[in-house]
Each structure stands twice: as structure tokens, then as C-alpha cells.
file start15.pdb (PDB, C-alpha atoms)
MODEL        1
ATOM      1  CA  MET A 292       0.000   0.000   0.000
ATOM      2  CA  ARG A 293       1.052   3.541  -0.699
ATOM      3  CA  ALA A 294      -0.067   6.827   0.816
ATOM      4  CA  HIS A 295       0.264  10.400  -0.398
ATOM      5  CA  SER A 296       0.688  12.119   2.969
ATOM      6  CA  ARG A 297       2.023  15.618   3.555
ATOM      7  CA  GLY A 298       0.454  16.609   6.872
ATOM      8  CA  LEU A 299       1.331  15.029  10.197
ATOM      9  CA  GLY A 300      -2.168  13.614  10.707
ATOM     10  CA  GLY A 301      -2.101  11.889   7.349
ATOM     11  CA  ILE A 302       1.384  10.554   7.999
ATOM     12  CA  ARG A 303       0.265   9.075  11.316
ATOM     13  CA  ASN A 304      -2.779   7.516   9.641
ATOM     14  CA  ALA A 305      -0.590   6.009   6.920
ATOM     15  CA  ILE A 306       1.739   4.491   9.496
ATOM     16  CA  ALA A 307      -1.207   3.064  11.448
ATOM     17  CA  ALA A 308      -2.656   1.600   8.243
ATOM     18  CA  GLY A 309       0.583  -0.278   7.601
ATOM     19  CA  VAL A 310       1.502   1.288   4.282
ATOM     20  CA  ASP A 311       4.659   0.258   2.481
ATOM     21  CA  VAL A 312       5.555   3.705   1.176
ATOM     22  CA  ILE A 313       4.710   7.292   2.061
ATOM     23  CA  ASP A 314       5.005   9.961  -0.589
ATOM     24  CA  HIS A 315       6.198  13.332   0.731
ATOM     25  CA  ALA A 316       5.999  12.800   4.536
ATOM     26  CA  THR A 317       6.608  16.546   4.524
ATOM     27  CA  TYR A 318       5.528  17.442   8.048
ATOM     28  CA  ALA A 319       6.781  14.298   9.773
ATOM     29  CA  ASP A 320       7.899  14.898  13.338
ATOM     30  CA  ASP A 321      10.554  12.918  15.170
ATOM     31  CA  ALA A 322       8.024  10.415  16.582
ATOM     32  CA  ALA A 323       6.644   9.750  13.105
ATOM     33  CA  LEU A 324      10.150   9.242  11.747
ATOM     34  CA  GLU A 325      10.887   6.741  14.496
ATOM     35  CA  ALA A 326       7.742   4.781  13.611
ATOM     36  CA  ILE A 327       8.602   4.902   9.902
ATOM     37  CA  ALA A 328      12.110   3.624  10.625
ATOM     38  CA  GLU A 329      10.852   0.878  12.928
ATOM     39  CA  ARG A 330       8.452  -0.423  10.276
ATOM     40  CA  GLY A 331      10.864  -0.054   7.367
ATOM     41  CA  ILE A 332       8.473   2.159   5.431
ATOM     42  CA  PHE A 333       9.848   3.690   2.240
ATOM     43  CA  VAL A 334       9.659   7.476   1.903
ATOM     44  CA  VAL A 335       9.579   9.368  -1.384
ATOM     45  CA  PRO A 336      10.204  12.933  -0.178
ATOM     46  CA  SER A 337       9.349  16.126  -1.999
ATOM     47  CA  LEU A 338      11.902  18.925  -1.930
ATOM     48  CA  HIS A 339      12.628  19.766  -5.542
ATOM     49  CA  GLN A 340       9.071  20.508  -6.700
ATOM     50  CA  PRO A 341       8.075  22.927  -3.920
ATOM     51  CA  HIS A 342      11.492  24.601  -4.087
ATOM     52  CA  ARG A 343      11.202  25.074  -7.841
ATOM     53  CA  LEU A 344       7.668  26.414  -7.545
ATOM     54  CA  LEU A 345       8.721  28.923  -4.907
ATOM     55  CA  THR A 346      11.771  30.101  -6.832
ATOM     56  CA  THR A 347      10.427  30.065 -10.402
ATOM     57  CA  GLY A 348       6.647  30.131  -9.959
ATOM     58  CA  THR A 349       6.256  33.791 -10.924
ATOM     59  CA  ALA A 350       7.938  33.039 -14.256
ATOM     60  CA  HIS A 351       5.157  30.522 -14.863
ATOM     61  CA  GLY A 352       2.273  32.843 -14.085
ATOM     62  CA  LYS A 353       1.932  32.306 -10.332
ATOM     63  CA  THR A 354       1.520  35.437  -8.229
ATOM     64  CA  PRO A 355       3.569  35.987  -5.063
ATOM     65  CA  GLU A 356       0.292  36.091  -3.113
ATOM     66  CA  TYR A 357      -0.710  32.668  -4.432
ATOM     67  CA  LEU A 358       2.681  31.194  -3.615
ATOM     68  CA  GLU A 359       2.383  32.445  -0.035
ATOM     69  CA  THR A 360      -0.959  30.653   0.419
ATOM     70  CA  LEU A 361       0.725  27.312  -0.354
ATOM     71  CA  GLU A 362       2.924  27.499   2.746
ATOM     72  CA  PHE A 363       5.541  25.626   0.747
ATOM     73  CA  GLN A 364       8.378  27.440   2.476
ATOM     74  CA  ALA A 365       7.472  25.683   5.721
ATOM     75  CA  GLU A 366       7.379  22.375   3.857
ATOM     76  CA  VAL A 367      10.802  22.981   2.387
ATOM     77  CA  GLU A 368      12.230  23.900   5.780
ATOM     78  CA  ASN A 369      10.888  20.799   7.509
ATOM     79  CA  THR A 370      11.989  18.570   4.647
ATOM     80  CA  LEU A 371      15.492  19.989   4.964
ATOM     81  CA  ARG A 372      15.315  19.196   8.683
ATOM     82  CA  ILE A 373      14.108  15.602   8.330
ATOM     83  CA  LEU A 374      16.159  14.404   5.347
ATOM     84  CA  PRO A 375      19.446  14.083   7.310
ATOM     85  CA  LEU A 376      17.506  12.492  10.181
ATOM     86  CA  MET A 377      16.001   9.901   7.848
ATOM     87  CA  VAL A 378      19.443   9.064   6.507
ATOM     88  CA  GLU A 379      20.778   8.738  10.045
ATOM     89  CA  MET A 380      17.858   6.496  11.052
ATOM     90  CA  GLY A 381      18.259   4.217   8.041
ATOM     91  CA  ILE A 382      14.855   5.003   6.550
ATOM     92  CA  PRO A 383      14.784   3.761   2.936
ATOM     93  CA  ILE A 384      14.400   6.890   0.823
ATOM     94  CA  VAL A 385      13.554   6.742  -2.882
ATOM     95  CA  ALA A 386      13.955   9.565  -5.391
ATOM     96  CA  GLY A 387      10.857  10.563  -7.342
ATOM     97  CA  ASP A 388       9.361  14.016  -6.823
ATOM     98  CA  ASP A 389       6.329  15.553  -8.559
ATOM     99  CA  PHE A 390       7.111  16.105 -12.241
ATOM    100  CA  GLY A 391       4.926  17.227 -15.108
ATOM    101  CA  PHE A 392       4.518  20.847 -14.023
ATOM    102  CA  ALA A 393       5.949  23.760 -15.995
ATOM    103  CA  TRP A 394       8.529  24.277 -13.237
ATOM    104  CA  THR A 395       9.390  20.556 -13.021
ATOM    105  CA  PRO A 396       8.978  19.270 -16.583
ATOM    106  CA  HIS A 397       9.343  15.623 -17.465
ATOM    107  CA  GLY A 398      12.820  14.673 -18.604
ATOM    108  CA  ARG A 399      14.565  16.798 -15.963
ATOM    109  CA  TYR A 400      14.583  14.142 -13.245
ATOM    110  CA  ALA A 401      18.302  14.456 -12.534
ATOM    111  CA  GLU A 402      17.658  17.950 -11.162
ATOM    112  CA  GLU A 403      15.865  16.392  -8.177
ATOM    113  CA  LEU A 404      19.037  14.508  -7.277
ATOM    114  CA  GLU A 405      21.047  17.713  -7.560
ATOM    115  CA  THR A 406      18.646  19.470  -5.188
ATOM    116  CA  TYR A 407      19.169  16.886  -2.456
ATOM    117  CA  VAL A 408      22.916  17.414  -2.689
ATOM    118  CA  SER A 409      22.990  21.204  -3.094
ATOM    119  CA  MET A 410      20.163  22.162  -0.722
ATOM    120  CA  ALA A 411      20.017  19.369   1.836
ATOM    121  CA  GLY A 412      23.720  18.562   1.901
ATOM    122  CA  ILE A 413      23.128  14.842   1.387
ATOM    123  CA  PRO A 414      26.274  13.196  -0.050
ATOM    124  CA  ALA A 415      25.966  12.350  -3.738
ATOM    125  CA  PRO A 416      26.676   8.605  -3.240
ATOM    126  CA  THR A 417      23.772   8.434  -0.777
ATOM    127  CA  VAL A 418      21.417  10.193  -3.184
ATOM    128  CA  LEU A 419      22.490   7.863  -5.990
ATOM    129  CA  THR A 420      21.515   4.931  -3.767
ATOM    130  CA  TRP A 421      18.040   6.432  -3.375
ATOM    131  CA  ALA A 422      17.681   6.460  -7.166
ATOM    132  CA  THR A 423      19.130   2.987  -7.785
ATOM    133  CA  ALA A 424      19.272   0.341  -5.060
ATOM    134  CA  ASN A 425      16.363   1.727  -3.037
ATOM    135  CA  GLY A 426      14.281   2.285  -6.146
ATOM    136  CA  ALA A 427      14.822  -1.330  -7.185
ATOM    137  CA  ARG A 428      13.875  -2.541  -3.719
ATOM    138  CA  LEU A 429      10.668  -0.529  -3.733
ATOM    139  CA  ALA A 430       9.796  -1.945  -7.165
ATOM    140  CA  GLY A 431      10.268  -5.469  -5.803
ATOM    141  CA  ARG A 432      13.390  -6.037  -7.885
ATOM    142  CA  GLY A 433      16.041  -5.567  -5.226
ATOM    143  CA  ASP A 434      17.457  -9.046  -5.859
ATOM    144  CA  GLU A 435      18.106  -8.476  -9.555
ATOM    145  CA  ALA A 436      18.585  -4.757 -10.123
ATOM    146  CA  GLY A 437      19.720  -1.537  -8.512
ATOM    147  CA  THR A 438      23.364  -2.409  -7.871
ATOM    148  CA  VAL A 439      26.276  -3.462 -10.056
ATOM    149  CA  GLN A 440      26.971  -7.086  -9.130
ATOM    150  CA  PRO A 441      27.561 -10.365 -10.966
ATOM    151  CA  GLY A 442      24.306 -12.043 -11.961
ATOM    152  CA  ARG A 443      22.218  -8.869 -11.789
ATOM    153  CA  LEU A 444      20.647  -6.931 -14.621
ATOM    154  CA  ALA A 445      23.223  -4.729 -16.288
ATOM    155  CA  ASP A 446      21.111  -1.569 -16.284
ATOM    156  CA  LEU A 447      23.860   1.008 -16.563
ATOM    157  CA  VAL A 448      24.421   4.656 -17.405
ATOM    158  CA  VAL A 449      28.004   5.364 -18.455
ATOM    159  CA  THR A 450      29.008   8.981 -17.924
ATOM    160  CA  ASP A 451      31.909  11.226 -18.787
ATOM    161  CA  GLY A 452      32.543  12.141 -15.157
ATOM    162  CA  ASP A 453      31.858  10.623 -11.770
ATOM    163  CA  PRO A 454      28.353  11.438 -10.449
ATOM    164  CA  ALA A 455      29.439  10.346  -6.983
ATOM    165  CA  ARG A 456      31.759  13.364  -7.030
ATOM    166  CA  ASP A 457      29.666  15.698  -9.183
ATOM    167  CA  ILE A 458      26.033  14.641  -9.413
ATOM    168  CA  THR A 459      25.285  17.334 -12.004
ATOM    169  CA  VAL A 460      26.933  15.029 -14.564
ATOM    170  CA  LEU A 461      23.624  13.140 -14.774
ATOM    171  CA  GLY A 462      21.796  16.285 -15.856
ATOM    172  CA  ARG A 463      24.122  17.023 -18.757
ATOM    173  CA  PRO A 464      23.067  15.073 -21.877
ATOM    174  CA  GLU A 465      26.483  15.543 -23.467
ATOM    175  CA  ALA A 466      28.032  13.693 -20.495
ATOM    176  CA  ILE A 467      25.895  10.571 -20.967
ATOM    177  CA  GLU A 468      28.047   8.279 -23.077
ATOM    178  CA  MET A 469      26.053   5.037 -23.056
ATOM    179  CA  VAL A 470      22.884   3.558 -21.625
ATOM    180  CA  LEU A 471      22.449  -0.177 -21.249
ATOM    181  CA  LEU A 472      19.311  -2.058 -20.246
ATOM    182  CA  GLY A 473      19.854  -5.653 -19.255
ATOM    183  CA  GLY A 474      23.305  -5.408 -20.782
ATOM    184  CA  ARG A 475      21.891  -4.310 -24.157
ATOM    185  CA  LEU A 476      23.066  -1.003 -25.568
ATOM    186  CA  VAL A 477      20.073   1.322 -26.072
ATOM    187  CA  ALA A 478      21.899   4.645 -26.450
ATOM    188  CA  GLY A 479      25.438   5.756 -27.182
ATOM    189  CA  ASP A 480      28.379   4.318 -29.073
ATOM    190  CA  ALA A 481      30.103   1.368 -27.438
ATOM    191  CA  ALA A 482      32.860   1.268 -30.071
ATOM    192  CA  ALA A 483      33.782   4.898 -29.471
ATOM    193  CA  TYR A 484      33.810   4.282 -25.736
ATOM    194  CA  ARG A 485      36.116   1.258 -26.117
ATOM    195  CA  ASP A 486      38.492   3.316 -28.238
ATOM    196  CA  ARG A 487      38.771   5.950 -25.503
ATOM    197  CA  ARG A 488      39.081   3.825 -22.378
ATOM    198  CA  PRO A 489      42.464   3.630 -20.644
ATOM    199  CA  ALA A 490      44.794   0.796 -21.530
ATOM    200  CA  GLY A 491      44.228  -2.310 -19.430
ATOM    201  CA  VAL A 492      40.561  -1.511 -18.663
ATOM    202  CA  ALA A 493      38.232  -4.264 -19.838
TER     203      ALA A 493
ENDMDL
END
call {"tool": "encode", "arguments": {"input": "start15.pdb", "output": "C-alpha cells"}}
result
Amino acid sequence: MRAHSRGLGGIRNAIAAGVDVIDHATYADDAALEAIAERGIFVVPSLHQPHRLLTTGTAHGKTPEYLETLEFQAEVENTLRILPLMVEMGIPIVAGDDFGFAWTPHGRYAEELETYVSMAGIPAPTVLTWATANGARLAGRGDEAGTVQPGRLADLVVTDGDPARDITVLGRPEAIEMVLLGGRLVAGDAAAYRDRRPAGVA
């Protein structure tokens, strides 16, 4: 089961109902986080979408007065407070904010990952885990996908740069060299990549 819960009351109800995943969990307090951690509930937080709406909403026709009525600034502030706590408590976080708005268009998903690093100060390797291993676990495919290991699906994105050091690499199309699904090349040029790799690298 999955619940879309922003307010504390809804979060508490979702926990009591035994959901598997809570989207947003925006106003979770410390007690709610403890219950989420104890039950191993997945959380798909929302930081990028409200931040983008607050910072670019007027460019998309939203008035400052309207933006104030949303109280998104309070949501952003509490999300920034709870994200490090969730990491510390071992809560399984999965990337996947609200996309499809003018300020968060489809195809710009990597920007969400950047926001967690730049705004919340979450280390890039941790955020990458949210988008890979944790995502696979939530999809019920944790035993076959989400990590690079022998015998698992070779779903890989090969980049010109290390996203664990600079996560913005994933948002630069020119830095995406190859994409493989199940070991099958679906984008990029494997021959060109082989020609450029350092000597001795298989």
C-alpha cells in the first residue's frame, strides 16, 4: 500500500494503516520518523518541486500572493530538517518528486538529485543509492537490479565524469556516453567508448 501524505495527521494515519511507502511525509515529526524507521516504510520525499515552484513560480504565471498561500516554504524547511535524520535512522528513501509541471517538466529528473545534494547537503553517493538500489527494492526487484553485481541486470548509465563526485553530470546530456538495459546497448556508441578507455581496462 502507498499513501500520499504531507500533513502530520495523514502521515500518522498512513503508518497506522501499515503502508509500504509514504510519498512526501513533509511534516513528519521525530516520533513519526521513528515509527517509519521501525516499520521499514519507504519514503519518497518532496523537496525539488516545492522549491522550484517557490523560486520560479512567478515566471510561470503564479503570483507571489498565491505562492504564499501554499505554505511551501514551511514544507521545504521541515523537509530539509528531516532528510538528514532519515538518513541517520536508516529510513529507505527513494527519489521521485512531482514532475509534469511547468517548473518541473518531465525529462529533468536528474535535477531532483542535484537538489538533495545542493540544498540538503546529502552526499551524492547516498542520493544515488536512493535512485538505484532503493528504487529497485521498492519496485520489488532488489534481488536483480539496482546495484552493479555479478548475476544482476546490467542496467547502466556510463558517464563522462563521476556522479558520486559531481552529481550534475547526470543532468548534462552531453556527459551521458552510453545507456544499457539488461546489458543491451540502447543509447550511445560502445565502439567509441572502447576506443577511448584507458589501456588495461576491460
call {"tool": "resolve_selection", "arguments": {"input": "start15.pdb", "expression": "the PyMOL selection byres ((chain A and resi 422) around 12)", "output": "VMD selection string"}}
result
chain A and resid 335 383 to 388 400 to 401 403 to 405 407 415 to 421 423 to 430 436 to 438 458 461
call {"tool": "resolve_selection", "arguments": {"input": "start15.pdb", "expression": "the PyMOL selection byres ((chain A and resi 311) around 12)", "output": "list of chain:residue names"}}
result
A:Met292, A:Arg293, A:Ala294, A:His295, A:Ala305, A:Ile306, A:Ala307, A:Ala308, A:Gly309, A:Val310, A:Val312, A:Ile313, A:Asp314, A:Ile327, A:Ala328, A:Arg330, A:Gly331, A:Ile332, A:Phe333, A:Val334, A:Val335, A:Ile382, A:Pro383, A:Ile384, A:Arg428, A:Leu429, A:Ala430, A:Gly431
call {"tool": "resolve_selection", "arguments": {"input": "start15.pdb", "expression": "the PyMOL selection byres ((chain A and resi 365) around 12)", "output": "PyMOL selection string"}}
result
chain A and resi 297-298+317-318+338+341-342+345+358-364+366-372
call {"tool": "atom_distance", "arguments": {"input": "start15.pdb", "atom1": "CA of Phe390 in chain A", "atom2": "CA of Arg303 in chain A"}}
result
25.5 Å
call {"tool": "closest_residue", "arguments": {"input": "start15.pdb", "among": "A:Val477, A:Ala322, A:Tyr484, A:Thr459", "to": "Leu299 in chain A", "atoms": "only C-alpha atoms"}}
result
A:Ala322
call {"tool": "atom_distance", "arguments": {"input": "start15.pdb", "atom1": "CA of Met469 in chain A", "atom2": "CA of Asp457 in chain A"}}
result
17.9 Å
call {"tool": "atom_distance", "arguments": {"input": "start15.pdb", "atom1": "CA of Thr450 in chain A", "atom2": "CA of Leu476 in chain A"}}
result
13.9 Å
call {"tool": "residues_around", "arguments": {"input": "start15.pdb", "residues": "Leu471 in chain A", "least_positions_apart": "6", "cutoff": "9 Å", "atoms": "only C-alpha atoms", "output": "compact mmCIF listing (two decimals) with C-alpha atoms, in the coordinates of the input"}}
result
# COMPACT_ATOMS: atom_id res chain seq x y z
CA ALA A 445 23.22 -4.73 -16.29
CA ASP A 446 21.11 -1.57 -16.28
CA LEU A 447 23.86 1.01 -16.56
CA VAL A 448 24.42 4.66 -17.40
CA VAL A 449 28.00 5.36 -18.45
CA VAL A 477 20.07 1.32 -26.07
CA ALA A 478 21.90 4.64 -26.45
CA GLY A 479 25.44 5.76 -27.18
call {"tool": "closest_residue", "arguments": {"input": "start15.pdb", "among": "A:Val439, A:Ile373, A:Trp394, A:Gly300", "to": "Gly352 in chain A", "atoms": "only C-alpha atoms"}}
result
A:Trp394
call {"tool": "build_atoms", "arguments": {"input": "start15.pdb", "residues": "range 336-347 of chain A", "atoms": "all heavy atoms", "output": "PDB file, in the frame of the given file"}}
result
ATOM      1  N   PRO A 336      10.383  11.549  -0.646  1.00  0.00           N
ATOM      2  CA  PRO A 336      10.204  12.933  -0.178  1.00  0.00           C
ATOM      3  C   PRO A 336       9.946  13.892  -1.332  1.00  0.00           C
ATOM      4  O   PRO A 336      10.076  13.529  -2.513  1.00  0.00           O
ATOM      5  CB  PRO A 336      11.534  13.244   0.507  1.00  0.00           C
ATOM      6  CG  PRO A 336      12.522  12.373  -0.191  1.00  0.00           C
ATOM      7  CD  PRO A 336      11.789  11.112  -0.574  1.00  0.00           C
ATOM      8  N   SER A 337       9.574  15.094  -0.987  1.00  0.00           N
ATOM      9  CA  SER A 337       9.349  16.126  -1.999  1.00  0.00           C
ATOM     10  C   SER A 337      10.060  17.390  -1.543  1.00  0.00           C
ATOM     11  O   SER A 337       9.619  18.051  -0.609  1.00  0.00           O
ATOM     12  CB  SER A 337       7.850  16.387  -2.166  1.00  0.00           C
ATOM     13  OG  SER A 337       7.625  17.320  -3.198  1.00  0.00           O
ATOM     14  N   LEU A 338      11.155  17.700  -2.200  1.00  0.00           N
ATOM     15  CA  LEU A 338      11.902  18.925  -1.930  1.00  0.00           C
ATOM     16  C   LEU A 338      12.052  19.750  -3.203  1.00  0.00           C
ATOM     17  O   LEU A 338      11.858  20.962  -3.203  1.00  0.00           O
ATOM     18  CB  LEU A 338      13.280  18.599  -1.358  1.00  0.00           C
ATOM     19  CG  LEU A 338      14.228  19.787  -1.142  1.00  0.00           C
ATOM     20  CD1 LEU A 338      13.656  20.766  -0.121  1.00  0.00           C
ATOM     21  CD2 LEU A 338      15.609  19.299  -0.690  1.00  0.00           C
ATOM     22  N   HIS A 339      12.343  19.070  -4.292  1.00  0.00           N
ATOM     23  CA  HIS A 339      12.628  19.766  -5.542  1.00  0.00           C
ATOM     24  C   HIS A 339      11.412  20.526  -6.075  1.00  0.00           C
ATOM     25  O   HIS A 339      11.525  21.705  -6.447  1.00  0.00           O
ATOM     26  CB  HIS A 339      13.119  18.753  -6.586  1.00  0.00           C
ATOM     27  CG  HIS A 339      13.486  19.354  -7.893  1.00  0.00           C
ATOM     28  ND1 HIS A 339      14.529  20.239  -8.048  1.00  0.00           N
ATOM     29  CD2 HIS A 339      12.933  19.217  -9.129  1.00  0.00           C
ATOM     30  CE1 HIS A 339      14.626  20.600  -9.306  1.00  0.00           C
ATOM     31  NE2 HIS A 339      13.660  20.008  -9.973  1.00  0.00           N
ATOM     32  N   GLN A 340      10.259  19.881  -6.114  1.00  0.00           N
ATOM     33  CA  GLN A 340       9.071  20.508  -6.700  1.00  0.00           C
ATOM     34  C   GLN A 340       8.638  21.755  -5.937  1.00  0.00           C
ATOM     35  O   GLN A 340       8.469  22.824  -6.560  1.00  0.00           O
ATOM     36  CB  GLN A 340       7.932  19.488  -6.800  1.00  0.00           C
ATOM     37  CG  GLN A 340       6.754  19.956  -7.620  1.00  0.00           C
ATOM     38  CD  GLN A 340       5.754  20.804  -6.850  1.00  0.00           C
ATOM     39  OE1 GLN A 340       5.273  21.823  -7.355  1.00  0.00           O
ATOM     40  NE2 GLN A 340       5.444  20.432  -5.621  1.00  0.00           N
ATOM     41  N   PRO A 341       8.462  21.693  -4.610  1.00  0.00           N
ATOM     42  CA  PRO A 341       8.075  22.927  -3.920  1.00  0.00           C
ATOM     43  C   PRO A 341       9.141  24.011  -3.998  1.00  0.00           C
ATOM     44  O   PRO A 341       8.817  25.199  -4.105  1.00  0.00           O
ATOM     45  CB  PRO A 341       7.827  22.481  -2.476  1.00  0.00           C
ATOM     46  CG  PRO A 341       8.489  21.164  -2.342  1.00  0.00           C
ATOM     47  CD  PRO A 341       8.470  20.543  -3.697  1.00  0.00           C
ATOM     48  N   HIS A 342      10.417  23.614  -3.968  1.00  0.00           N
ATOM     49  CA  HIS A 342      11.492  24.601  -4.087  1.00  0.00           C
ATOM     50  C   HIS A 342      11.441  25.282  -5.448  1.00  0.00           C
ATOM     51  O   HIS A 342      11.556  26.515  -5.551  1.00  0.00           O
ATOM     52  CB  HIS A 342      12.848  23.923  -3.891  1.00  0.00           C
ATOM     53  CG  HIS A 342      14.008  24.771  -4.280  1.00  0.00           C
ATOM     54  ND1 HIS A 342      14.361  25.922  -3.599  1.00  0.00           N
ATOM     55  CD2 HIS A 342      14.903  24.647  -5.309  1.00  0.00           C
ATOM     56  CE1 HIS A 342      15.415  26.472  -4.175  1.00  0.00           C
ATOM     57  NE2 HIS A 342      15.757  25.729  -5.215  1.00  0.00           N
ATOM     58  N   ARG A 343      11.257  24.506  -6.494  1.00  0.00           N
ATOM     59  CA  ARG A 343      11.202  25.074  -7.841  1.00  0.00           C
ATOM     60  C   ARG A 343       9.988  25.977  -8.007  1.00  0.00           C
ATOM     61  O   ARG A 343      10.071  27.031  -8.653  1.00  0.00           O
ATOM     62  CB  ARG A 343      11.162  23.952  -8.878  1.00  0.00           C
ATOM     63  CG  ARG A 343      12.473  23.213  -9.051  1.00  0.00           C
ATOM     64  CD  ARG A 343      13.487  24.019  -9.792  1.00  0.00           C
ATOM     65  NE  ARG A 343      13.035  24.310 -11.166  1.00  0.00           N
ATOM     66  CZ  ARG A 343      13.646  25.156 -11.980  1.00  0.00           C
ATOM     67  NH1 ARG A 343      14.720  25.816 -11.574  1.00  0.00           N
ATOM     68  NH2 ARG A 343      13.190  25.357 -13.204  1.00  0.00           N
ATOM     69  N   LEU A 344       8.860  25.581  -7.443  1.00  0.00           N
ATOM     70  CA  LEU A 344       7.668  26.414  -7.545  1.00  0.00           C
ATOM     71  C   LEU A 344       7.876  27.747  -6.834  1.00  0.00           C
ATOM     72  O   LEU A 344       7.524  28.808  -7.352  1.00  0.00           O
ATOM     73  CB  LEU A 344       6.452  25.688  -6.974  1.00  0.00           C
ATOM     74  CG  LEU A 344       5.125  26.464  -6.991  1.00  0.00           C
ATOM     75  CD1 LEU A 344       4.804  26.977  -8.387  1.00  0.00           C
ATOM     76  CD2 LEU A 344       4.000  25.587  -6.464  1.00  0.00           C
ATOM     77  N   LEU A 345       8.481  27.691  -5.652  1.00  0.00           N
ATOM     78  CA  LEU A 345       8.721  28.923  -4.907  1.00  0.00           C
ATOM     79  C   LEU A 345       9.701  29.850  -5.618  1.00  0.00           C
ATOM     80  O   LEU A 345       9.554  31.071  -5.582  1.00  0.00           O
ATOM     81  CB  LEU A 345       9.253  28.591  -3.510  1.00  0.00           C
ATOM     82  CG  LEU A 345       8.248  28.005  -2.515  1.00  0.00           C
ATOM     83  CD1 LEU A 345       8.959  27.599  -1.234  1.00  0.00           C
ATOM     84  CD2 LEU A 345       7.130  28.992  -2.218  1.00  0.00           C
ATOM     85  N   THR A 346      10.711  29.275  -6.247  1.00  0.00           N
ATOM     86  CA  THR A 346      11.771  30.101  -6.832  1.00  0.00           C
ATOM     87  C   THR A 346      11.520  30.491  -8.286  1.00  0.00           C
ATOM     88  O   THR A 346      12.107  31.466  -8.763  1.00  0.00           O
ATOM     89  CB  THR A 346      13.133  29.384  -6.734  1.00  0.00           C
ATOM     90  OG1 THR A 346      13.031  28.089  -7.346  1.00  0.00           O
ATOM     91  CG2 THR A 346      13.551  29.234  -5.274  1.00  0.00           C
ATOM     92  N   THR A 347      10.665  29.751  -8.980  1.00  0.00           N
ATOM     93  CA  THR A 347      10.427  30.065 -10.402  1.00  0.00           C
ATOM     94  C   THR A 347       8.944  30.213 -10.721  1.00  0.00           C
ATOM     95  O   THR A 347       8.601  30.425 -11.889  1.00  0.00           O
ATOM     96  CB  THR A 347      11.032  28.986 -11.323  1.00  0.00           C
ATOM     97  OG1 THR A 347      10.287  27.765 -11.186  1.00  0.00           O
ATOM     98  CG2 THR A 347      12.498  28.732 -11.009  1.00  0.00           C
TER      99      THR A 347
END
